[in-house]
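Below is one structure, written out as structure tokens; comments come after it.
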Number of protein chains: 2
Amino acid sequence: MTVAINDKPASPPDANPPDVSRLIDELTTLCGPTQVQVGGAIEPRFLQPARYGAGQAAVMVRPGSVEEAAAVLAVVARHGGRVVLQGAHTGLVRAATPTDGEREVLLSTDRLRQVFELDLLDRTLRVSAGFRLSEINERLAEHGLWFPVDLSADPSIGGMLAHNTGGTRMLRYGDVRANTLALQVALAEPAGQVLRWGQGLQKDNSALAVGQLFIGSSGSLGLITEATLKLSPLPRQRAVALVAPASLDAVFPVYQAVMQRWGVLVSAFEGLSRAALEAGLHGQDPARWFGGDLPDYAMLIELSSELPAEQLDLRGLLQGWLEEAFESGQVSDAVLDADEAIWGLRHHISEGLRAQGKVIGLDLSLPRRHFMRFRERGLAWLAAHFPELRLADFGHLGDGGMHFNMVWPSSAGPLDPAQELTLRQGLYALVAELGGSISAEHGVGPQLQAAYRAHWGAVAPAVLDWSGRLQTVFDPHKRLGNTDWGA
Amino acid sequence: MTVAINDKPASPPDANPPDVSRLIDELTTLCGPTQVQVGGAIEPRFLQPARYGAGQAAVMVRPGSVEEAAAVLAVVARHGGRVVLQGAHTGLVRAATPTDGEREVLLSTDRLRQVFELDLLDRTLRVSAGFRLSEINERLAEHGLWFPVDLSADPSIGGMLAHNTGGTRMLRYGDVRANTLALQVALAEPAGQVLRWGQGLQKDNSALAVGQLFIGSSGSLGLITEATLKLSPLPRQRAVALVAPASLDAVFPVYQAVMQRWGVLVSAFEGLSRAALEAGLHGQDPARWFGGDLPDYAMLIELSSELPAEQLDLRGLLQGWLEEAFESGQVSDAVLDADEAIWGLRHHISEGLRAQGKVIGLDLSLPRRHFMRFRERGLAWLAAHFPELRLADFGHLGDGGMHFNMVWPSSAGPLDPAQELTLRQGLYALVAELGGSISAEHGVGPQLQAAYRAHWGAVAPAVLDWSGRLQTVFDPHKRLGNTDWGA
């Protein structure tokens, strides 16, 4: 299968450009002068994403309530322009980064913090979109609870919903969608209408799944202002091993054996290439790990349980299995009893890679049977076409997720955009051929706009038609976000 | 809050009635004469639902492939009429029961059985809509796997998707939605277009959640012809207790203690009223249970694990906790070591109730904090307004689900429809007041059409507007199903 990347621009410019000075005046009246920043005076953190270059906007506004946020949408409907939504600006697909200094209003949700209602009996949290994951889990910990979508970054809950993030514990707890019970959304049309979908119940099939559409929509169908989340009891123990397989061929047999043996006790199963391990070490002495002789590939396996160790010895289970796997020749080495250090290494990979050069990160998932084949063929393709690039892949192997991250070394000079396009086209074509996803958990956004069209255009064009139609239902004038879901 | 039941009919009749003889001719040509039944010659099982009276249809057709099924939709688009979709006809909201002998084509999916593709490494099953849950789990058992949405009935997988069933193990495994990775859907417009949504990956955020809309749509937005399901390892052990709380006030403290203690090991937490227990006994000697002295309320608690009992003694955990709970006065009695008998009792309740008279079943869910309050106020309301009715409630207490089932004794003569309407209105108003759902897991369908409008009209009218708009996008000529989602 060949996949052509269609490079057509995200949206045609409006017939009527916005009246920016009226916009600024009304937004200032609405939210107060300290919550509005204009053009070049916008603070860099609102314009600079974690990866890639900075964006620009005509004006940035930080509404302080749901009512103000909805009114911002109404103001933009009256005076023209587009609204780009931003949570903590930690996303990796530019969905929250504005690109048009003439037309775009950047709406930051960081002041949407009015609601934090914990129901201990239902184990639910009704929470405003502006709270960050770390804050939420800090507050929940004292009650022995957490929101179990675990990430290296620290996004806002609104951003997590807009991108349906998965993270390292998805294998056991599911993604954001699986842990969301209700939403409140401010709509583009009728501008500023607030839709409440769901009542926060664990189980409710008394309505169509309208709210599901907003989850994972990259902030394009509506502004999520609040959600009711399903919480989980915090585990009382974890046991973690970093395991070197005897060979790459042993990785999935190990995975299968582990899942069949322990099932729901397995809370993470990550894969890390040698280059990713090195990046994760990030200045640490490698001698601490596998005696300094890093393996070509490693698996991070975590078991966790609400039971205390006296009732269930997870570390003992892990060690017993490792001994068997070593005996049988599936495993060549392992690190145990270093739980925090192992997770520290895992969470430092991205930072470590950034220090090496420009990171081109592909957030893929693949059917497990094609996971290693993709890796092998991707490596061969890179060697033939981009020998300068160093692959440092890692990710959530247990659910088929692979961060196929490559580093373009600083020493090779800048990577020109046409080359990056060729690179992505080549690898995405291979993803499509092997039945994979071009965006496992980061969403689409402008960064993947062209690849999205090319992928689904080749795999299932009706998906583009219907997605475009639904976007038109919710946002007929294309005022919201910077992702086009249509063909 | 008062909720008025709006009794407007589901749909206006078509301007042009269908040309039934042309329909029959073309359906016969398409699917063969043995797969088409006309009017009074339609076999009763296709017309008679599990509860309530029989329906009628102009013609019944059983397409033998996705292509035939899609072509049936195209034939109806050409010649007029409506299509009502039916799986195993086990649903409880009449969504699969046709009602119009002049206009309706009943499409049975029971011959959609072409695909059964098991991927052991991904633990997924791609399966045609016509397979039944029992068959699927029988075939999966030899691989140590199952589709963990566990029900008393034996529906087709297509019907389970159309109603997003939950069942007794939802607490641990989630509902059908949480276990679905891809869908194939034949659409009403363009008539017979087949939409493939998703690639069967565990993790994929490269598209809008279009497919989510079909799950739980009561067969109104499209005909689900195939799905890719997420499977789970079969537990290696279960331990079950039927526990009598010291009083109703102890039920939720016990629930909370059990969840905080065992978390994900808890695979079921059901509640059963004394009347439900009696119905479940169904001719058995009650002396076997609690020495014959049945409690007013009981909790069915199940632990399960992929670990064998040598590694984790679930029965021991359960017994140890029961001893503590007995000591502390939360629990007054319990039945252990009768796992199959306990589940047998639980699954016989519905049948037992049917033997006592006409069952009026309300499939509710409530915030846990209001669960017992609803029960108490509902009982008081019944005593005042319908003293003949006997409440025999039971259900999935752990996720807030309550089958508020009432029996109108055969001795009281027939229950007239106006009385049943008054009954439902009174109880649904109480559900709305306490923030509950009028349909936890059975869906909407004609049976709940009026109650759906009344509930959301009072709670969040925008839900009706947007649902109606989405239904119009997928089925602008109202050709599919018998549920109207609009205001």
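Chain labels follow the order of the structure tokens: the first chain is A, the next B, and so on; residue numbering restarts at 1 in every chain, and ligands are counted from 1 in their shown order.
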
Write out as number ranges by chain all residues of stretch 304-475 of chain B that DSSP puts in strand (DSSP E) for this structure's backbone.
B: 304-305, 331-335, 357-365, 390-391, 394-395, 401-409

Deliver the residues from the most recent selection as a file, using C-alpha atoms, as an mmCIF file, in the first residue's frame.
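Wrote again18.cif, looks like this:
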data_model
loop_
_atom_site.group_PDB
_atom_site.id
_atom_site.type_symbol
_atom_site.label_atom_id
_atom_site.label_comp_id
_atom_site.auth_asym_id
_atom_site.auth_seq_id
_atom_site.Cartn_x
_atom_site.Cartn_y
_atom_site.Cartn_z
ATOM 1 C CA SER B 304 -11.580 -13.754 41.113
ATOM 2 C CA SER B 305 -8.005 -13.932 39.940
ATOM 3 C CA VAL B 331 -22.599 -8.820 58.788
ATOM 4 C CA SER B 332 -25.129 -11.162 60.360
ATOM 5 C CA ASP B 333 -24.793 -14.314 58.269
ATOM 6 C CA ALA B 334 -23.185 -15.651 55.096
ATOM 7 C CA VAL B 335 -23.162 -18.583 52.681
ATOM 8 C CA GLY B 357 -47.259 -12.641 37.574
ATOM 9 C CA LYS B 358 -46.618 -9.724 35.236
ATOM 10 C CA VAL B 359 -43.159 -8.265 35.772
ATOM 11 C CA ILE B 360 -42.674 -4.515 35.458
ATOM 12 C CA GLY B 361 -38.922 -4.128 35.318
ATOM 13 C CA LEU B 362 -37.173 -0.786 35.767
ATOM 14 C CA ASP B 363 -33.509 -0.943 34.877
ATOM 15 C CA LEU B 364 -32.130 1.902 36.973
ATOM 16 C CA SER B 365 -28.848 3.145 38.259
ATOM 17 C CA ARG B 390 -44.628 -6.590 45.138
ATOM 18 C CA LEU B 391 -41.115 -5.175 44.822
ATOM 19 C CA PHE B 394 -31.914 -6.898 42.748
ATOM 20 C CA GLY B 395 -28.989 -5.913 40.610
ATOM 21 C CA GLY B 401 -27.320 -0.618 39.054
ATOM 22 C CA MET B 402 -30.713 -1.665 40.372
ATOM 23 C CA HIS B 403 -33.291 -3.818 38.651
ATOM 24 C CA PHE B 404 -36.272 -2.305 40.383
ATOM 25 C CA ASN B 405 -38.541 -5.147 39.345
ATOM 26 C CA MET B 406 -42.108 -5.346 40.520
ATOM 27 C CA VAL B 407 -44.612 -8.153 40.180
ATOM 28 C CA TRP B 408 -48.260 -7.516 39.495
ATOM 29 C CA PRO B 409 -49.776 -10.726 40.820
#

Could you pull the residues within 7 Å of B:Leu107, counting only C-alpha atoms, minus those fewer than 2 positions along the same chain, as a PDB file with N, CA and C atoms, in the first residue's frame?
ATOM      1  N   MET B  60     -40.182 -10.396   7.201  1.00  0.00           N
ATOM      2  CA  MET B  60     -38.973 -10.667   7.972  1.00  0.00           C
ATOM      3  C   MET B  60     -37.934 -11.235   7.011  1.00  0.00           C
ATOM      4  N   VAL B  61     -36.712 -10.743   7.107  1.00  0.00           N
ATOM      5  CA  VAL B  61     -35.658 -11.224   6.210  1.00  0.00           C
ATOM      6  C   VAL B  61     -34.395 -11.531   6.999  1.00  0.00           C
ATOM      7  N   ARG B  62     -33.714 -12.604   6.593  1.00  0.00           N
ATOM      8  CA  ARG B  62     -32.488 -13.018   7.295  1.00  0.00           C
ATOM      9  C   ARG B  62     -31.325 -13.025   6.316  1.00  0.00           C
ATOM     10  N   VAL B  83     -36.807  -0.311   8.651  1.00  0.00           N
ATOM     11  CA  VAL B  83     -36.153  -1.572   9.002  1.00  0.00           C
ATOM     12  C   VAL B  83     -35.962  -1.634  10.511  1.00  0.00           C
ATOM     13  N   VAL B  84     -36.473  -2.670  11.122  1.00  0.00           N
ATOM     14  CA  VAL B  84     -36.202  -2.908  12.534  1.00  0.00           C
ATOM     15  C   VAL B  84     -35.173  -4.037  12.612  1.00  0.00           C
ATOM     16  N   LEU B  85     -34.114  -3.812  13.416  1.00  0.00           N
ATOM     17  CA  LEU B  85     -33.002  -4.763  13.489  1.00  0.00           C
ATOM     18  C   LEU B  85     -33.193  -5.693  14.679  1.00  0.00           C
ATOM     19  N   GLN B  86     -32.858  -6.941  14.476  1.00  0.00           N
ATOM     20  CA  GLN B  86     -33.026  -7.908  15.567  1.00  0.00           C
ATOM     21  C   GLN B  86     -31.850  -8.861  15.643  1.00  0.00           C
ATOM     22  N   VAL B 105     -39.980  -3.763   7.948  1.00  0.00           N
ATOM     23  CA  VAL B 105     -39.194  -4.922   7.555  1.00  0.00           C
ATOM     24  C   VAL B 105     -38.360  -5.306   8.766  1.00  0.00           C
ATOM     25  N   THR B 109     -30.361 -10.617  12.290  1.00  0.00           N
ATOM     26  CA  THR B 109     -28.917 -10.784  12.020  1.00  0.00           C
ATOM     27  C   THR B 109     -28.439 -12.192  12.349  1.00  0.00           C
TER      28      THR B 109
END

If we count only C-alpha atoms and set the cut-off at 8 Å, which residues sit around A:Gly101, ignoring sequence neighbours fewer than 3 positions away in its own chain? Please answer as a list in words.
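After dropping sequence-adjacent residues, the list is Gly39, Gln56, Ala57, Ala58, Val59, Pro98 and Glu104 of chain A.
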
Dump of C-alpha atoms for the selected residues, as a PDB file, in the first residue's frame:
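Below you can see part_3.pdb, which holds the result:
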ATOM      1  CA  GLY A  39      -0.064  39.681  19.846  1.00  0.00           C
ATOM      2  CA  GLN A  56       1.411  33.016  17.268  1.00  0.00           C
ATOM      3  CA  ALA A  57      -2.054  34.354  18.022  1.00  0.00           C
ATOM      4  CA  ALA A  58      -3.890  37.634  17.686  1.00  0.00           C
ATOM      5  CA  VAL A  59      -4.957  37.523  21.321  1.00  0.00           C
ATOM      6  CA  PRO A  98      -2.070  28.803  17.595  1.00  0.00           C
ATOM      7  CA  GLU A 104      -6.685  33.250  16.116  1.00  0.00           C
TER       8      GLU A 104
END

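Within 6 Å of chain B, and using only C-alpha atoms, the residues found on chain A are Asp122, Gln202, Lys203, Asp204, Asn205, Ser206, Leu208, Ala209, Leu213, Ser217, Trp262, Gly263, Glu306, Arg368, Asp399, Ser437, Ser439, Ala440, Glu441, Gly443 and Val444 of chain A.
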
According to DSSP computed on the backbone, where in stretch 272-443 of chain B is there helix (DSSP H, G or I)? Give the residues as a PyMOL selection string.
chain B and resi 274-281+286-288+290-292+314-327+339-347+349-354+368-385+397-399+410-412+417-433

Resulting file, chosen residues, C-alpha atoms, as a short mmCIF file (atom, residue, chain, number, x, y, z; two decimals), in the first residue's frame:
data_model
loop_
_atom_site.label_atom_id
_atom_site.label_comp_id
_atom_site.auth_asym_id
_atom_site.auth_seq_id
_atom_site.Cartn_x
_atom_site.Cartn_y
_atom_site.Cartn_z
CA ARG B 274 -35.53 -10.93 50.10
CA ALA B 275 -38.27 -11.14 47.44
CA ALA B 276 -35.61 -11.55 44.75
CA LEU B 277 -33.91 -14.28 46.80
CA GLU B 278 -37.21 -16.10 47.07
CA ALA B 279 -37.81 -15.81 43.33
CA GLY B 280 -34.27 -17.08 42.69
CA LEU B 281 -34.89 -20.15 44.85
CA PRO B 286 -34.93 -22.57 51.35
CA ALA B 287 -33.49 -24.51 54.29
CA ARG B 288 -30.28 -24.75 52.30
CA PHE B 290 -29.22 -19.20 55.80
CA GLY B 291 -30.88 -22.11 57.57
CA GLY B 292 -34.14 -21.24 55.81
CA LEU B 314 -9.23 -15.99 47.61
CA ARG B 315 -11.52 -18.18 49.64
CA GLY B 316 -9.34 -17.62 52.68
CA LEU B 317 -9.42 -13.85 52.12
CA LEU B 318 -13.18 -13.89 51.88
CA GLN B 319 -13.59 -16.05 54.95
CA GLY B 320 -11.11 -14.01 56.99
CA TRP B 321 -12.92 -10.81 56.15
CA LEU B 322 -16.33 -12.34 56.86
CA GLU B 323 -15.16 -13.34 60.33
CA GLU B 324 -14.00 -9.78 61.01
CA ALA B 325 -17.22 -8.29 59.62
CA PHE B 326 -19.27 -10.67 61.74
CA GLU B 327 -17.26 -9.71 64.83
CA ASP B 339 -20.31 -20.67 44.20
CA GLU B 340 -22.37 -22.30 41.48
CA ALA B 341 -25.50 -22.51 43.58
CA ILE B 342 -25.21 -18.83 44.49
CA TRP B 343 -24.85 -17.76 40.85
CA GLY B 344 -27.64 -20.17 39.90
CA LEU B 345 -29.92 -18.46 42.39
CA ARG B 346 -28.92 -15.04 41.06
CA HIS B 347 -29.56 -15.98 37.43
CA ILE B 349 -34.49 -14.45 39.67
CA SER B 350 -36.04 -13.15 36.44
CA GLU B 351 -37.56 -16.50 35.59
CA GLY B 352 -38.84 -16.92 39.12
CA LEU B 353 -40.51 -13.51 39.03
CA ARG B 354 -42.19 -14.23 35.71
CA ARG B 368 -24.37 5.07 45.42
CA ARG B 369 -25.18 7.65 48.10
CA HIS B 370 -28.82 7.71 46.94
CA PHE B 371 -29.24 4.01 46.21
CA MET B 372 -30.88 3.01 49.50
CA ARG B 373 -32.81 6.28 49.70
CA PHE B 374 -34.34 5.56 46.31
CA ARG B 375 -35.28 2.08 47.44
CA GLU B 376 -36.91 3.37 50.61
CA ARG B 377 -38.81 6.20 48.92
CA GLY B 378 -39.79 3.97 46.01
CA LEU B 379 -41.22 1.41 48.43
CA ALA B 380 -43.19 4.10 50.25
CA TRP B 381 -44.52 5.45 46.97
CA LEU B 382 -45.57 1.97 45.87
CA ALA B 383 -47.29 1.29 49.18
CA ALA B 384 -49.30 4.49 48.78
CA HIS B 385 -50.18 4.15 45.09
CA LEU B 397 -25.18 -2.73 43.40
CA GLY B 398 -21.43 -2.32 42.95
CA ASP B 399 -21.89 -0.07 39.95
CA SER B 410 -51.84 -12.81 38.42
CA SER B 411 -54.61 -12.75 41.05
CA ALA B 412 -55.05 -8.95 40.65
CA PRO B 417 -51.70 0.48 30.40
CA ALA B 418 -52.76 3.80 31.94
CA GLN B 419 -51.96 2.45 35.40
CA GLU B 420 -48.57 1.20 34.22
CA LEU B 421 -47.86 4.65 32.78
CA THR B 422 -48.74 6.29 36.12
CA LEU B 423 -46.51 3.80 37.90
CA ARG B 424 -43.53 4.45 35.65
CA GLN B 425 -44.02 8.23 35.74
CA GLY B 426 -44.02 8.24 39.52
CA LEU B 427 -40.88 6.17 39.86
CA TYR B 428 -38.96 7.85 37.02
CA ALA B 429 -39.65 11.25 38.60
CA LEU B 430 -37.99 9.96 41.74
CA VAL B 431 -35.04 8.65 39.69
CA ALA B 432 -34.58 12.11 38.12
CA GLU B 433 -34.81 13.81 41.51
#

State, in Å with one decimal place, the distance from atom CA of A:Thr97 to atom CA of A:Ala54.
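According to the coordinates, atom CA of A:Thr97 and atom CA of A:Ala54 are separated by 7.7 Å.
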
So which one's closest to B:Leu27, B:His79, B:His89, B:Lys478, B:Arg139? Using only C-alpha atoms, please.
B:His79

Could you tell me how far atom CA of B:Leu106 lies from atom CA of B:Ser134, in Å and to one decimal?
23.9 Å

As an NGL selection string, please: the residues near A:Val185 (cut-off 8 Å, only C-alpha atoms, same-chain neighbours under 2 positions excluded).
:A and (183 or 187 or 194-196 or 222-226)

Under the rule that only C-alpha atoms are counted, which of B:Leu92, B:Gln447, B:Thr28, B:Leu231 is the nearest residue to B:Val149?
B:Leu231

Pairwise distance for atom CA of A:Ala141 and atom CA of A:Phe116, rounded to one decimal in Å:
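That distance, rounded to one decimal, is 14.4 Å.
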
Go through B:Arg45, B:Arg94, B:His282, B:Arg479 one by one, measure the shortest atom-to-atom distance of each to B:Pro18 using only C-alpha atoms, and give the residue with the smallest value.
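Distance minimum relative to B:Pro18 lands on B:Arg479.
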
Selection near A:Glu67, 9 Å with only C-alpha atoms, sequence-local residues under 3 positions removed, as a PyMOL selection string
chain A and resi 63-64+70-72+186+192+194

Grab the residues selected above and save them as an mmCIF file, in the first residue's frame with N, CA and C atoms.
data_model
loop_
_atom_site.group_PDB
_atom_site.id
_atom_site.type_symbol
_atom_site.label_atom_id
_atom_site.label_comp_id
_atom_site.auth_asym_id
_atom_site.auth_seq_id
_atom_site.Cartn_x
_atom_site.Cartn_y
_atom_site.Cartn_z
ATOM 1 N N PRO A 63 -10.308 32.787 30.464
ATOM 2 C CA PRO A 63 -11.564 32.926 31.187
ATOM 3 C C PRO A 63 -11.476 32.269 32.564
ATOM 4 N N GLY A 64 -12.187 32.849 33.527
ATOM 5 C CA GLY A 64 -12.095 32.364 34.902
ATOM 6 C C GLY A 64 -13.272 31.509 35.341
ATOM 7 N N ALA A 70 -17.685 30.193 27.868
ATOM 8 C CA ALA A 70 -18.745 30.099 26.865
ATOM 9 C C ALA A 70 -18.948 31.460 26.198
ATOM 10 N N ALA A 71 -18.864 32.533 26.986
ATOM 11 C CA ALA A 71 -19.050 33.877 26.428
ATOM 12 C C ALA A 71 -17.923 34.224 25.450
ATOM 13 N N VAL A 72 -16.712 33.733 25.693
ATOM 14 C CA VAL A 72 -15.612 33.966 24.745
ATOM 15 C C VAL A 72 -15.983 33.373 23.377
ATOM 16 N N ALA A 186 -18.690 23.528 26.321
ATOM 17 C CA ALA A 186 -19.189 24.771 25.714
ATOM 18 C C ALA A 186 -19.046 24.623 24.204
ATOM 19 N N GLY A 192 -21.545 29.311 22.500
ATOM 20 C CA GLY A 192 -21.621 29.472 23.939
ATOM 21 C C GLY A 192 -22.679 28.626 24.624
ATOM 22 N N VAL A 194 -23.989 25.574 26.558
ATOM 23 C CA VAL A 194 -23.268 24.616 27.396
ATOM 24 C C VAL A 194 -24.058 23.317 27.439
#
